[in-house]
Amino acid sequence: MMYVHTLLEKTWEELQPLLKEAGVDKLARTTIVLCQKYLGLRELIEEDASLPVDELLTYILEKIITGTSDLKL
């Protein structure tokens, strides 16, 4: 989101509330914490107990294992 913020500073004020409302902010924070916890990403943000990190990992793995994902890995 910082990338968007620097490129579209004028638009960011309008865009940020929409992204938060859509849950993109929470998804981004959850993904960062997941990568910190399981993939060794350096600590960029503090782990937040309210983020569904383990649930996101479980969802991703289930989709890959069951083949119900459109992910092209």
# chains A, B, ... in the order shown; residues from 1 in each chain; ligands from 1

call {"tool": "residues_around", "arguments": {"residues": "Cys35 (chain A)", "least_positions_apart": "2", "cutoff": "12 Å", "atoms": "only C-alpha atoms", "output": "list in words"}}
result
Ala28, Arg29, Thr30, Thr31, Ile32, Val33, Lys37, Tyr38, Leu39, Gly40, Leu41, Arg42, Glu43, Leu44, Ile45, Glu47, Val53, Asp54, Leu56 and Leu57 of chain A

call {"tool": "atom_distance", "arguments": {"atom1": "CA of Lys20 (chain A)", "atom2": "CA of Pro52 (chain A)"}}
result
16.0 Å
